[in-house]
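Here's upload_16.cif, which has mmCIF, C-alpha atoms:
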```cif
data_my_file
loop_
_atom_site.group_PDB
_atom_site.id
_atom_site.type_symbol
_atom_site.label_atom_id
_atom_site.label_comp_id
_atom_site.auth_asym_id
_atom_site.auth_seq_id
_atom_site.Cartn_x
_atom_site.Cartn_y
_atom_site.Cartn_z
ATOM 1 C CA PRO A 1 0.000 0.000 0.000
ATOM 2 C CA SER A 2 1.025 3.556 -0.632
ATOM 3 C CA SER A 3 2.247 5.603 2.316
ATOM 4 C CA THR A 4 -0.302 8.211 1.222
ATOM 5 C CA ALA A 5 -4.021 7.537 1.559
ATOM 6 C CA ILE A 6 -6.439 8.000 -1.325
ATOM 7 C CA ASP A 7 -7.669 11.592 -1.490
ATOM 8 C CA LEU A 8 -11.395 11.333 -0.753
ATOM 9 C CA GLY A 9 -11.797 15.056 -0.175
ATOM 10 C CA THR A 10 -10.843 17.481 2.578
ATOM 11 C CA GLY A 11 -11.615 15.979 5.968
ATOM 12 C CA ARG A 12 -13.387 12.980 4.436
ATOM 13 C CA THR A 13 -12.899 9.349 5.410
ATOM 14 C CA ALA A 14 -14.236 6.064 4.036
ATOM 15 C CA VAL A 15 -16.761 3.833 5.791
ATOM 16 C CA SER A 16 -17.220 1.238 3.026
ATOM 17 C CA VAL A 17 -15.370 0.150 -0.113
ATOM 18 C CA SER A 18 -16.094 -2.251 -2.981
ATOM 19 C CA VAL A 19 -13.804 -3.362 -5.790
ATOM 20 C CA GLY A 20 -15.140 -4.308 -9.236
ATOM 21 C CA GLN A 21 -13.242 -5.683 -12.214
ATOM 22 C CA PHE A 22 -11.401 -2.470 -13.062
ATOM 23 C CA HIS A 23 -13.044 0.139 -10.827
ATOM 24 C CA THR A 24 -13.364 0.944 -7.138
ATOM 25 C CA CYS A 25 -16.132 2.650 -5.166
ATOM 26 C CA ALA A 26 -16.344 3.981 -1.634
ATOM 27 C CA ILE A 27 -18.922 5.460 0.704
ATOM 28 C CA LEU A 28 -17.609 8.403 2.688
ATOM 29 C CA ASP A 29 -18.313 9.357 6.283
ATOM 30 C CA ASN A 30 -20.862 11.932 5.125
ATOM 31 C CA GLY A 31 -22.776 9.355 3.047
ATOM 32 C CA GLU A 32 -21.419 10.488 -0.305
ATOM 33 C CA ALA A 33 -20.338 7.883 -2.862
ATOM 34 C CA LYS A 34 -17.337 8.155 -5.174
ATOM 35 C CA CYS A 35 -15.846 5.769 -7.732
ATOM 36 C CA TRP A 36 -12.621 5.748 -9.730
ATOM 37 C CA GLY A 37 -10.825 3.608 -12.318
ATOM 38 C CA ARG A 38 -12.230 2.228 -15.587
ATOM 39 C CA ASP A 39 -15.307 4.064 -16.843
ATOM 40 C CA HIS A 40 -15.922 2.787 -20.374
ATOM 41 C CA ARG A 41 -19.428 1.570 -19.455
ATOM 42 C CA GLY A 42 -20.266 4.431 -17.104
ATOM 43 C CA GLN A 43 -19.557 2.367 -14.002
ATOM 44 C CA LEU A 44 -18.101 5.373 -12.143
ATOM 45 C CA GLY A 45 -21.529 7.022 -12.119
ATOM 46 C CA ASP A 46 -20.199 10.549 -12.531
ATOM 47 C CA GLY A 47 -22.406 11.420 -15.489
ATOM 48 C CA GLY A 48 -19.400 12.424 -17.537
ATOM 49 C CA THR A 49 -17.880 11.240 -20.795
ATOM 50 C CA ASN A 50 -17.030 7.728 -19.598
ATOM 51 C CA THR A 51 -13.423 8.717 -19.064
ATOM 52 C CA ASP A 52 -11.184 6.597 -16.835
ATOM 53 C CA THR A 53 -9.962 8.372 -13.690
ATOM 54 C CA ASN A 54 -7.035 7.544 -11.415
ATOM 55 C CA ALA A 55 -8.427 9.303 -8.348
ATOM 56 C CA PRO A 56 -11.818 10.056 -6.799
ATOM 57 C CA SER A 57 -13.601 13.075 -8.225
ATOM 58 C CA SER A 58 -13.973 16.200 -6.100
ATOM 59 C CA THR A 59 -17.701 15.888 -6.830
ATOM 60 C CA ALA A 60 -19.703 13.008 -5.369
ATOM 61 C CA ILE A 61 -22.070 10.820 -7.388
ATOM 62 C CA ASP A 62 -25.558 12.323 -7.680
ATOM 63 C CA LEU A 63 -27.724 9.888 -5.712
ATOM 64 C CA GLY A 64 -30.757 12.186 -5.678
ATOM 65 C CA THR A 65 -31.694 15.255 -3.679
ATOM 66 C CA GLY A 66 -30.871 14.762 -0.015
ATOM 67 C CA ARG A 67 -29.989 11.110 -0.498
ATOM 68 C CA THR A 68 -26.915 9.346 0.883
ATOM 69 C CA ALA A 69 -25.485 5.862 0.390
ATOM 70 C CA ILE A 70 -25.374 3.180 3.081
ATOM 71 C CA ALA A 71 -24.118 0.265 0.963
ATOM 72 C CA VAL A 72 -22.200 -0.080 -2.313
ATOM 73 C CA SER A 73 -21.269 -3.034 -4.479
ATOM 74 C CA ALA A 74 -19.058 -2.864 -7.563
ATOM 75 C CA GLY A 75 -19.607 -5.622 -10.109
ATOM 76 C CA HIS A 76 -17.894 -6.524 -13.363
ATOM 77 C CA GLN A 77 -18.725 -3.277 -15.155
ATOM 78 C CA HIS A 78 -21.643 -1.945 -13.142
ATOM 79 C CA THR A 79 -22.189 -0.524 -9.670
ATOM 80 C CA CYS A 80 -25.122 -0.612 -7.253
ATOM 81 C CA VAL A 81 -25.944 1.231 -4.046
ATOM 82 C CA ILE A 82 -28.560 1.203 -1.332
ATOM 83 C CA LEU A 83 -29.648 4.662 -0.245
ATOM 84 C CA ASP A 84 -30.567 5.888 3.213
ATOM 85 C CA ASN A 85 -34.277 5.501 2.399
ATOM 86 C CA GLY A 86 -33.854 1.872 1.288
ATOM 87 C CA ASP A 87 -33.965 2.570 -2.441
ATOM 88 C CA ALA A 88 -31.606 0.606 -4.672
ATOM 89 C CA LYS A 89 -29.989 2.119 -7.750
ATOM 90 C CA CYS A 90 -27.444 0.808 -10.250
ATOM 91 C CA TRP A 91 -25.431 2.268 -13.145
ATOM 92 C CA GLY A 92 -22.911 1.168 -15.774
ATOM 93 C CA LEU A 93 -23.153 -1.784 -18.153
ATOM 94 C CA ASP A 94 -26.714 -2.992 -18.773
ATOM 95 C CA ASN A 95 -26.346 -5.419 -21.681
ATOM 96 C CA VAL A 96 -28.298 -8.183 -19.932
ATOM 97 C CA GLY A 97 -30.443 -6.163 -17.537
ATOM 98 C CA GLN A 98 -28.096 -6.067 -14.558
ATOM 99 C CA LEU A 99 -29.122 -2.485 -13.683
ATOM 100 C CA GLY A 100 -32.651 -3.687 -12.897
ATOM 101 C CA ASP A 101 -34.349 -0.566 -14.235
ATOM 102 C CA GLY A 102 -36.758 -2.451 -16.483
ATOM 103 C CA GLY A 103 -35.625 -0.452 -19.495
ATOM 104 C CA GLY A 104 -34.082 -1.300 -22.829
ATOM 105 C CA ASN A 105 -30.794 -2.645 -21.456
ATOM 106 C CA THR A 106 -29.094 0.693 -22.050
ATOM 107 C CA ASN A 107 -25.857 1.553 -20.269
ATOM 108 C CA THR A 108 -26.087 4.540 -17.922
ATOM 109 C CA ASN A 109 -23.307 6.677 -16.467
ATOM 110 C CA THR A 110 -25.272 8.063 -13.549
ATOM 111 C CA PRO A 111 -27.845 6.675 -11.102
ATOM 112 C CA SER A 112 -31.420 6.812 -12.345
ATOM 113 C CA SER A 113 -33.810 9.291 -10.753
ATOM 114 C CA THR A 114 -36.137 6.314 -10.265
ATOM 115 C CA ALA A 115 -35.272 3.510 -7.869
ATOM 116 C CA ILE A 116 -35.346 -0.157 -8.835
ATOM 117 C CA ASP A 117 -38.823 -1.648 -8.364
ATOM 118 C CA LEU A 118 -38.331 -4.228 -5.618
ATOM 119 C CA GLY A 119 -42.060 -4.714 -5.048
ATOM 120 C CA THR A 120 -44.800 -2.682 -3.395
ATOM 121 C CA ASN A 121 -43.427 -0.899 -0.318
ATOM 122 C CA ARG A 122 -40.295 -3.038 -0.377
ATOM 123 C CA THR A 123 -36.819 -1.666 0.303
ATOM 124 C CA ALA A 124 -33.325 -3.146 0.123
ATOM 125 C CA VAL A 125 -31.106 -3.982 3.093
ATOM 126 C CA SER A 126 -28.268 -5.652 1.178
ATOM 127 C CA VAL A 127 -27.044 -5.668 -2.432
ATOM 128 C CA SER A 128 -24.418 -7.602 -4.344
ATOM 129 C CA ALA A 129 -23.353 -6.825 -7.911
ATOM 130 C CA GLY A 130 -22.029 -9.941 -9.589
ATOM 131 C CA HIS A 131 -20.414 -10.328 -12.993
ATOM 132 C CA MET A 132 -23.516 -9.501 -15.027
ATOM 133 C CA HIS A 133 -26.277 -9.970 -12.491
ATOM 134 C CA THR A 134 -27.333 -8.277 -9.288
ATOM 135 C CA CYS A 135 -28.997 -9.610 -6.146
ATOM 136 C CA ALA A 136 -30.624 -7.890 -3.192
ATOM 137 C CA ILE A 137 -32.099 -8.802 0.157
ATOM 138 C CA LEU A 138 -35.316 -6.948 0.903
ATOM 139 C CA ASP A 139 -36.567 -5.524 4.187
ATOM 140 C CA ASN A 140 -38.787 -8.583 4.675
ATOM 141 C CA GLY A 141 -35.887 -11.008 4.205
ATOM 142 C CA GLU A 142 -36.787 -12.026 0.672
ATOM 143 C CA ALA A 143 -34.040 -12.306 -1.954
ATOM 144 C CA LYS A 144 -34.354 -11.255 -5.577
ATOM 145 C CA CYS A 145 -31.874 -11.257 -8.460
ATOM 146 C CA TRP A 146 -31.910 -9.778 -11.962
ATOM 147 C CA GLY A 147 -29.681 -9.609 -15.036
ATOM 148 C CA GLN A 148 -27.924 -12.538 -16.675
ATOM 149 C CA ASP A 149 -29.491 -15.897 -15.871
ATOM 150 C CA ALA A 150 -27.100 -18.201 -17.693
ATOM 151 C CA TYR A 151 -26.859 -21.485 -15.770
ATOM 152 C CA GLY A 152 -29.531 -20.344 -13.274
ATOM 153 C CA ALA A 153 -27.641 -17.537 -11.497
ATOM 154 C CA LEU A 154 -30.885 -15.682 -10.711
ATOM 155 C CA GLY A 155 -32.246 -18.593 -8.684
ATOM 156 C CA ASP A 156 -35.802 -18.205 -9.919
ATOM 157 C CA GLY A 157 -36.148 -21.826 -10.999
ATOM 158 C CA GLY A 158 -37.166 -20.749 -14.476
ATOM 159 C CA SER A 159 -35.795 -21.252 -17.959
ATOM 160 C CA ASN A 160 -32.517 -19.372 -17.448
ATOM 161 C CA THR A 161 -33.919 -16.241 -19.073
ATOM 162 C CA ASN A 162 -32.254 -12.872 -18.492
ATOM 163 C CA THR A 163 -34.413 -10.272 -16.740
ATOM 164 C CA ASN A 164 -34.028 -6.489 -16.630
ATOM 165 C CA ALA A 165 -35.955 -6.004 -13.388
ATOM 166 C CA PRO A 166 -36.561 -7.923 -10.157
ATOM 167 C CA SER A 167 -39.280 -10.545 -10.356
ATOM 168 C CA SER A 168 -42.543 -10.032 -8.507
ATOM 169 C CA THR A 169 -41.835 -13.424 -6.928
ATOM 170 C CA ALA A 170 -38.941 -13.846 -4.517
ATOM 171 C CA ILE A 171 -36.390 -16.673 -4.680
ATOM 172 C CA ASP A 172 -37.598 -19.805 -2.907
ATOM 173 C CA LEU A 173 -35.172 -20.173 0.002
ATOM 174 C CA GLY A 174 -37.250 -22.836 1.743
ATOM 175 C CA THR A 175 -40.401 -22.787 3.867
ATOM 176 C CA GLY A 176 -40.268 -19.947 6.350
ATOM 177 C CA ARG A 177 -36.677 -19.071 5.497
ATOM 178 C CA THR A 178 -35.286 -15.590 4.885
ATOM 179 C CA ALA A 179 -31.886 -14.316 3.755
ATOM 180 C CA VAL A 180 -29.417 -12.380 5.914
ATOM 181 C CA ALA A 181 -26.510 -12.222 3.442
ATOM 182 C CA VAL A 182 -26.116 -12.613 -0.327
ATOM 183 C CA SER A 183 -23.176 -12.645 -2.725
ATOM 184 C CA GLY A 184 -23.280 -12.738 -6.526
ATOM 185 C CA GLY A 185 -20.326 -14.257 -8.378
ATOM 186 C CA LYS A 186 -19.648 -14.596 -12.088
ATOM 187 C CA LEU A 187 -22.324 -17.168 -12.886
ATOM 188 C CA HIS A 188 -23.547 -18.298 -9.479
ATOM 189 C CA THR A 189 -24.972 -16.826 -6.280
ATOM 190 C CA CYS A 190 -24.918 -17.809 -2.603
ATOM 191 C CA ALA A 191 -26.939 -16.739 0.425
ATOM 192 C CA ILE A 192 -26.885 -17.239 4.177
ATOM 193 C CA LEU A 193 -30.309 -17.871 5.670
ATOM 194 C CA ASP A 194 -31.801 -16.763 8.961
ATOM 195 C CA ASN A 195 -31.170 -20.188 10.497
ATOM 196 C CA GLY A 196 -27.480 -20.127 9.497
ATOM 197 C CA ASP A 197 -27.843 -22.460 6.514
ATOM 198 C CA ALA A 198 -25.940 -21.548 3.345
ATOM 199 C CA LYS A 199 -27.463 -22.146 -0.076
ATOM 200 C CA CYS A 200 -26.120 -21.551 -3.578
ATOM 201 C CA TRP A 201 -27.458 -21.701 -7.134
ATOM 202 C CA GLY A 202 -26.267 -21.289 -10.711
ATOM 203 C CA TYR A 203 -23.129 -22.592 -12.436
ATOM 204 C CA ASP A 204 -21.609 -25.689 -10.818
ATOM 205 C CA TYR A 205 -18.997 -26.946 -13.299
ATOM 206 C CA TYR A 206 -16.199 -26.767 -10.720
ATOM 207 C CA GLY A 207 -18.361 -27.511 -7.711
ATOM 208 C CA HIS A 208 -19.087 -23.844 -6.968
ATOM 209 C CA LEU A 209 -22.389 -24.664 -5.291
ATOM 210 C CA GLY A 210 -20.888 -26.881 -2.593
ATOM 211 C CA ASP A 211 -23.817 -29.266 -2.599
ATOM 212 C CA GLY A 212 -21.687 -32.398 -2.842
ATOM 213 C CA GLY A 213 -23.487 -33.451 -6.002
ATOM 214 C CA SER A 214 -22.386 -34.177 -9.554
ATOM 215 C CA ASN A 215 -21.433 -30.584 -10.437
ATOM 216 C CA THR A 216 -24.843 -29.967 -11.991
ATOM 217 C CA ASP A 217 -26.015 -26.392 -12.544
ATOM 218 C CA GLN A 218 -28.980 -25.430 -10.378
ATOM 219 C CA GLY A 219 -31.688 -22.886 -11.170
ATOM 220 C CA SER A 220 -32.908 -22.841 -7.569
ATOM 221 C CA PRO A 221 -31.108 -22.711 -4.201
ATOM 222 C CA VAL A 222 -29.475 -25.915 -2.960
ATOM 223 C CA LEU A 223 -28.137 -26.521 0.537
ATOM 224 C CA LEU A 224 -24.409 -26.810 1.124
ATOM 225 C CA SER A 225 -23.438 -30.329 2.144
ATOM 226 C CA GLY A 226 -20.579 -32.036 3.969
ATOM 227 C CA SER A 227 -19.026 -31.747 7.409
ATOM 228 C CA ASP A 228 -17.925 -28.141 6.951
ATOM 229 C CA THR A 229 -21.391 -26.623 7.011
ATOM 230 C CA TRP A 230 -22.100 -23.233 8.550
ATOM 231 C CA ASP A 231 -22.114 -23.200 12.353
ATOM 232 C CA SER A 232 -24.776 -20.643 13.217
ATOM 233 C CA SER A 233 -23.814 -20.711 16.900
ATOM 234 C CA THR A 234 -20.381 -19.187 16.265
ATOM 235 C CA GLY A 235 -21.080 -16.240 14.041
ATOM 236 C CA LEU A 236 -24.701 -15.638 13.198
ATOM 237 C CA SER A 237 -27.878 -15.259 15.157
ATOM 238 C CA SER A 238 -31.223 -14.190 13.865
ATOM 239 C CA THR A 239 -34.629 -13.516 15.309
ATOM 240 C CA GLY A 240 -36.198 -12.427 12.065
ATOM 241 C CA LEU A 241 -35.621 -9.535 9.733
ATOM 242 C CA SER A 242 -35.948 -6.458 11.885
ATOM 243 C CA ASN A 243 -33.317 -7.377 14.461
ATOM 244 C CA PHE A 244 -30.367 -9.548 13.539
ATOM 245 C CA THR A 245 -26.667 -9.612 14.296
ATOM 246 C CA ALA A 246 -24.111 -11.030 11.864
ATOM 247 C CA SER A 247 -20.422 -11.286 12.734
ATOM 248 C CA ILE A 248 -18.293 -10.998 9.614
ATOM 249 C CA GLU A 249 -14.517 -10.513 9.563
ATOM 250 C CA GLY A 250 -14.363 -8.928 12.975
ATOM 251 C CA ALA A 251 -17.289 -6.538 12.597
ATOM 252 C CA ASP A 252 -20.759 -6.928 14.066
ATOM 253 C CA LEU A 253 -23.521 -5.494 11.884
ATOM 254 C CA ILE A 254 -26.643 -4.799 13.897
ATOM 255 C CA ILE A 255 -29.821 -3.781 12.128
ATOM 256 C CA ASP A 256 -32.742 -2.642 14.278
ATOM 257 C CA GLU A 257 -35.776 -1.752 12.191
ATOM 258 C CA ALA A 258 -34.788 -1.904 8.558
ATOM 259 C CA MET A 259 -32.877 1.090 7.223
ATOM 260 C CA THR A 260 -33.512 3.320 10.244
ATOM 261 C CA ASN A 261 -30.802 2.498 12.776
ATOM 262 C CA ILE A 262 -27.594 0.845 11.669
ATOM 263 C CA THR A 263 -24.695 0.429 14.093
ATOM 264 C CA PHE A 264 -21.234 -0.995 13.425
ATOM 265 C CA GLN A 265 -19.314 -2.389 16.377
ATOM 266 C CA TYR A 266 -15.688 -3.461 16.014
ATOM 267 C CA ASN A 267 -14.994 -6.900 17.412
ATOM 268 C CA ALA A 268 -11.281 -6.994 18.206
ATOM 269 C CA THR A 269 -11.335 -10.596 19.361
ATOM 270 C CA ALA A 270 -12.806 -11.814 16.078
ATOM 271 C CA ALA A 271 -10.504 -9.568 14.063
ATOM 272 C CA ASN A 272 -7.465 -11.071 15.763
ATOM 273 C CA GLY A 273 -8.729 -14.557 15.081
ATOM 274 C CA SER A 274 -8.827 -15.497 18.740
#
```
For this file, produce the structure as structure tokens.
Amino acid sequence: PSSTAIDLGTGRTAVSVSVGQFHTCAILDNGEAKCWGRDHRGQLGDGGTNTDTNAPSSTAIDLGTGRTAIAVSAGHQHTCVILDNGDAKCWGLDNVGQLGDGGGNTNTNTPSSTAIDLGTNRTAVSVSAGHMHTCAILDNGEAKCWGQDAYGALGDGGSNTNTNAPSSTAIDLGTGRTAVAVSGGKLHTCAILDNGDAKCWGYDYYGHLGDGGSNTDQGSPVLLSGSDTWDSSTGLSSTGLSNFTASIEGADLIIDEAMTNITFQYNATAANGS
């Protein structure tokens, strides 16, 4: 690492960072979002001429009047954020619908003025931009994905058809189950459920899905198998959507009432691996 920190602006610090294929995005301590790096598809979101930059702009991304970012995820050539009101917005490459705006799969170099339609009165609490698809967890614990569905990466159990907007029907995670974490890869997706189970779906040529099967692609979630399954007693507890604690890489994320009160607590013991 350089001895000099990235210049995020006078007096500004970073609270979150996400690295895409050739670009990087950060949320600042004042809720602004900035990206830098490759911009040939508009993935920096600066509304400019799709010109690569080697440092953050002095001007933050326009997220909408009065809006700030609470989560960011940089994908292959697109970027997504969750705003302080629970809206989700994406920008950049949209060749297979990964921006979720329901439009004509047109690349955009700035966030839309209209949020992604996640369903009536639904908001996002987590987002993950994969290679050419995007997934989100909603405030009721449902999970939805959109974009490229090659090999079943969207998890909708359908005919592997690309979609340019979230489905009206959530992914079937199992009876009574909700999602507390989601991660989109190149051609597959995985989620952690409220009971600590982990499930994956999509491309399985190299055993990505961890189901112990015959490396068969799956269009719907399948449970991880084997002796190294997730131990919910050591890192994850959940009592439903509105109040859960997840311990990830030394940080406890506590959400009390979706999108209204988010607290980060540093866990030194977990960070030190003890």
For this session: Taking the file above as input, evaluate the PyMOL selection byres ((chain A and resi 141-145) around 9) and report the hits as a VMD selection string.
Result: chain A and resid 98 100 118 125 133 to 140 146 to 147 153 to 156 163 165 to 173 177 to 180 182 184 191 193 to 194 240 to 242
Exercise. Between A:Asn195, A:Ser183, A:Ser159, A:Thr49, which is the closest to Gly219 (chain A) once you count only C-alpha atoms?
Worked result: A:Ser159
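Residue nearest Asn162 (chain A), chosen from A:Ala124, A:Val96, A:Ala181, A:Ala33 and counting all atoms listed in the file: A:Val96.
Nearest to Ala74 (chain A) of all the residues A:Gly45, A:Gly213, A:Gly103, A:Gly11 is A:Gly45, counting only C-alpha atoms.
CA of Asp87 (chain A) sits 27.1 Å away from CA of Ala55 (chain A).
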Problem set entry | Residue nearest His23 (chain A) - candidates A:Gly92, A:Gly47, A:Gly202, A:Gly9, atoms counted: all atoms listed in the file | A:Gly92
For this session: Rounded to one decimal place, report the CA of Ile70 (chain A)-CA of Ile27 (chain A) distance in Å.
Result: 7.2 Å
Problem set entry | Expansion of the PyMOL selection byres ((chain A and resi 204) around 6) into residues, as JSON, numbers by chain | {"A": [203, 205, 206, 207, 208, 209, 215, 216, 217]}
Problem set entry | Residues matched by the PyMOL selection byres ((chain A and resi 6-8) around 10), written as a list in words | Ser2, Ser3, Thr4, Ala5, Gly9, Thr10, Gly11, Arg12, Thr13, Ala14, Ala26, Ile27, Leu28, Ala33, Lys34, Cys35, Ala55, Pro56, Ser57, Ser58, Thr59 and Ala60 of chain A
Pull C-alpha atoms from the residues just selected and write them as a PDB file, keeping the file's coordinate frame.
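Output file result.pdb follows:
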```pdb
ATOM      1  CA  SER A   2       1.025   3.556  -0.632  1.00  0.00           C
ATOM      2  CA  SER A   3       2.247   5.603   2.316  1.00  0.00           C
ATOM      3  CA  THR A   4      -0.302   8.211   1.222  1.00  0.00           C
ATOM      4  CA  ALA A   5      -4.021   7.537   1.559  1.00  0.00           C
ATOM      5  CA  GLY A   9     -11.797  15.056  -0.175  1.00  0.00           C
ATOM      6  CA  THR A  10     -10.843  17.481   2.578  1.00  0.00           C
ATOM      7  CA  GLY A  11     -11.615  15.979   5.968  1.00  0.00           C
ATOM      8  CA  ARG A  12     -13.387  12.980   4.436  1.00  0.00           C
ATOM      9  CA  THR A  13     -12.899   9.349   5.410  1.00  0.00           C
ATOM     10  CA  ALA A  14     -14.236   6.064   4.036  1.00  0.00           C
ATOM     11  CA  ALA A  26     -16.344   3.981  -1.634  1.00  0.00           C
ATOM     12  CA  ILE A  27     -18.922   5.460   0.704  1.00  0.00           C
ATOM     13  CA  LEU A  28     -17.609   8.403   2.688  1.00  0.00           C
ATOM     14  CA  ALA A  33     -20.338   7.883  -2.862  1.00  0.00           C
ATOM     15  CA  LYS A  34     -17.337   8.155  -5.174  1.00  0.00           C
ATOM     16  CA  CYS A  35     -15.846   5.769  -7.732  1.00  0.00           C
ATOM     17  CA  ALA A  55      -8.427   9.303  -8.348  1.00  0.00           C
ATOM     18  CA  PRO A  56     -11.818  10.056  -6.799  1.00  0.00           C
ATOM     19  CA  SER A  57     -13.601  13.075  -8.225  1.00  0.00           C
ATOM     20  CA  SER A  58     -13.973  16.200  -6.100  1.00  0.00           C
ATOM     21  CA  THR A  59     -17.701  15.888  -6.830  1.00  0.00           C
ATOM     22  CA  ALA A  60     -19.703  13.008  -5.369  1.00  0.00           C
TER      23      ALA A  60
END
```
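All residues of protein, DNA or RNA that reach within 7 Å of Ser73 (chain A), judged by all atoms listed in the file and not counting those fewer than 5 positions away in the chain, are Ser18, Thr79, Cys80, Val81, Val127, Ser128 and Ala129 of chain A.
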